[in-house]
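Novice: Sharing a structure, written as structure tokens. Questions coming.
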Amino acid sequence: MKLLPSAFRAIKVIAAAGLLSSCGSSDLNEAERITLDQQEVPVETGKDITVIYTDSARLQAEVMANTMNRYKKENEAYLEMPDGVIAYFYNDKEERSSTLTANHGVRYTGKGKTVVRDSVVVVNRKGDTLRTERMVWNERKNFIRSEKEVTVKTSEEIINARGFRSNPSFTEYEFYDIQGTVAVEE
């Protein structure tokens, strides 16, 4: 009777080896790719989503996305907005102070950071306009920043720089490496 379980184990091992040896390397690569793709499937997907951010019951921001996917990995959860994002930021009086648009966004829930990229534009109440390809909104420290090339157009000048930091209202900003300024003529 003790031989029977051992015999079954041996048959299982031989069968598994035969199956694996019959797979070509391209089949294994395809199986690995499918497995990796399945790990990237969102836990939830929503369409036409609006998320409201508050602090001490005060409106801070309103974020809208055509599509929002929620992912949960081992150590991190995040929301992806692959079809564009619009964010309205509000001042202490809960008045809309700036608008951000981008073609793609990812919010890292645990870190309190949102990264937007691809045609990022921020416009404040005065009409000052910032353009860049990548920006980070640090929700906890309440600032936006970019280390990429930025162009800011005000009523008086156009500023080209590499990197900037600002409050989300885009009313107080500083540049890291100004490449040049051009006066705007009326």
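In the structure tokens, each chain is lettered A, B, ... as it comes, each chain's residues begin at 1, and ligands are numbered from 1 in order of appearance.
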Which polymer residues have any atom within 10 Å of an atom of Thr132 of chain A, counting only C-alpha atoms, with same-chain residues fewer than 3 positions away left out, as a PyMOL selection string?

Specialist: chain A and resi 102+116-122+135+146-152+162-163

Novice: Would you please extract all helix (DSSP H, G or I) residues from segment 31-181 of chain A, as assigned by DSSP on the backbone, and give them as a PyMOL selection string?

Specialist: chain A and resi 31-39

Novice: Take the residues from that selection and put them in a file with N, CA and C atoms, as a short mmCIF file (atom, residue, chain, number, x, y, z; two decimals), in the first residue's frame.

Specialist:
data_model
loop_
_atom_site.label_atom_id
_atom_site.label_comp_id
_atom_site.auth_asym_id
_atom_site.auth_seq_id
_atom_site.Cartn_x
_atom_site.Cartn_y
_atom_site.Cartn_z
N ALA A 31 2.95 32.72 -21.98
CA ALA A 31 2.28 32.43 -20.71
C ALA A 31 2.72 33.40 -19.63
N GLU A 32 4.01 33.72 -19.61
CA GLU A 32 4.52 34.68 -18.63
C GLU A 32 3.92 36.07 -18.88
N ARG A 33 3.82 36.46 -20.16
CA ARG A 33 3.25 37.77 -20.49
C ARG A 33 1.79 37.84 -20.06
N ILE A 34 1.03 36.78 -20.31
CA ILE A 34 -0.37 36.76 -19.92
C ILE A 34 -0.50 36.86 -18.41
N THR A 35 0.35 36.15 -17.69
CA THR A 35 0.32 36.20 -16.23
C THR A 35 0.63 37.61 -15.74
N LEU A 36 1.64 38.25 -16.34
CA LEU A 36 1.97 39.62 -15.93
C LEU A 36 0.83 40.58 -16.26
N ASP A 37 0.21 40.41 -17.44
CA ASP A 37 -0.91 41.26 -17.82
C ASP A 37 -2.07 41.11 -16.83
N GLN A 38 -2.31 39.89 -16.37
CA GLN A 38 -3.41 39.66 -15.44
C GLN A 38 -3.16 40.35 -14.11
N GLN A 39 -1.90 40.54 -13.73
CA GLN A 39 -1.59 41.22 -12.49
C GLN A 39 -1.90 42.71 -12.58
#

Novice: Residues near segment 90-96 of chain A, anyone? I mean within 7 Å using only C-alpha atoms, not counting same-chain ones fewer than 6 positions away, as a ChimeraX atom specification.

Specialist: /A:59-61,169

Novice: Report as a PyMOL selection string all protein, DNA and RNA residues lying within 12 Å of Lys111 of chain A, evaluated on only C-alpha atoms, omitting residues in the same chain fewer than 3 positions from it.

Specialist: chain A and resi 75-79+106-108+114-115+136-141

Novice: I need the chosen residues saved as a short mmCIF file (atom, residue, chain, number, x, y, z; two decimals), in the first residue's frame, with C-alpha atoms.

Specialist:
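Printed below is out.cif as written:
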data_model
loop_
_atom_site.label_atom_id
_atom_site.label_comp_id
_atom_site.auth_asym_id
_atom_site.auth_seq_id
_atom_site.Cartn_x
_atom_site.Cartn_y
_atom_site.Cartn_z
CA ASN A 75 2.45 47.40 -1.06
CA GLU A 76 0.61 50.13 -2.89
CA ALA A 77 -2.80 51.15 -4.14
CA TYR A 78 -3.24 53.70 -6.88
CA LEU A 79 -5.84 55.27 -9.14
CA VAL A 106 -1.99 58.51 -11.43
CA ARG A 107 -2.88 59.10 -7.77
CA TYR A 108 -0.78 57.13 -5.27
CA THR A 114 -0.81 62.59 -7.84
CA VAL A 115 1.39 62.53 -10.94
CA VAL A 136 3.36 66.19 -9.18
CA TRP A 137 0.67 67.36 -6.77
CA ASN A 138 1.70 66.67 -3.17
CA GLU A 139 -1.63 66.68 -1.35
CA ARG A 140 -0.15 66.42 2.13
CA LYS A 141 2.29 69.32 1.76
#

Novice: Could you give me, as a ChimeraX atom specification, the residues within 8 Å of Asn124 of chain A, counting only C-alpha atoms and dropping anything in the same chain fewer than 3 positions from it?

Specialist: /A:97-99,127-129,169-171

Novice: Within 12 Å of Met81 of chain A, counting only C-alpha atoms, which residues show up once you throw out same-chain ones fewer than 6 positions away? Write them as a PyMOL selection string, please.

Specialist: chain A and resi 42+45-51+63-71+87+101-108+114-118
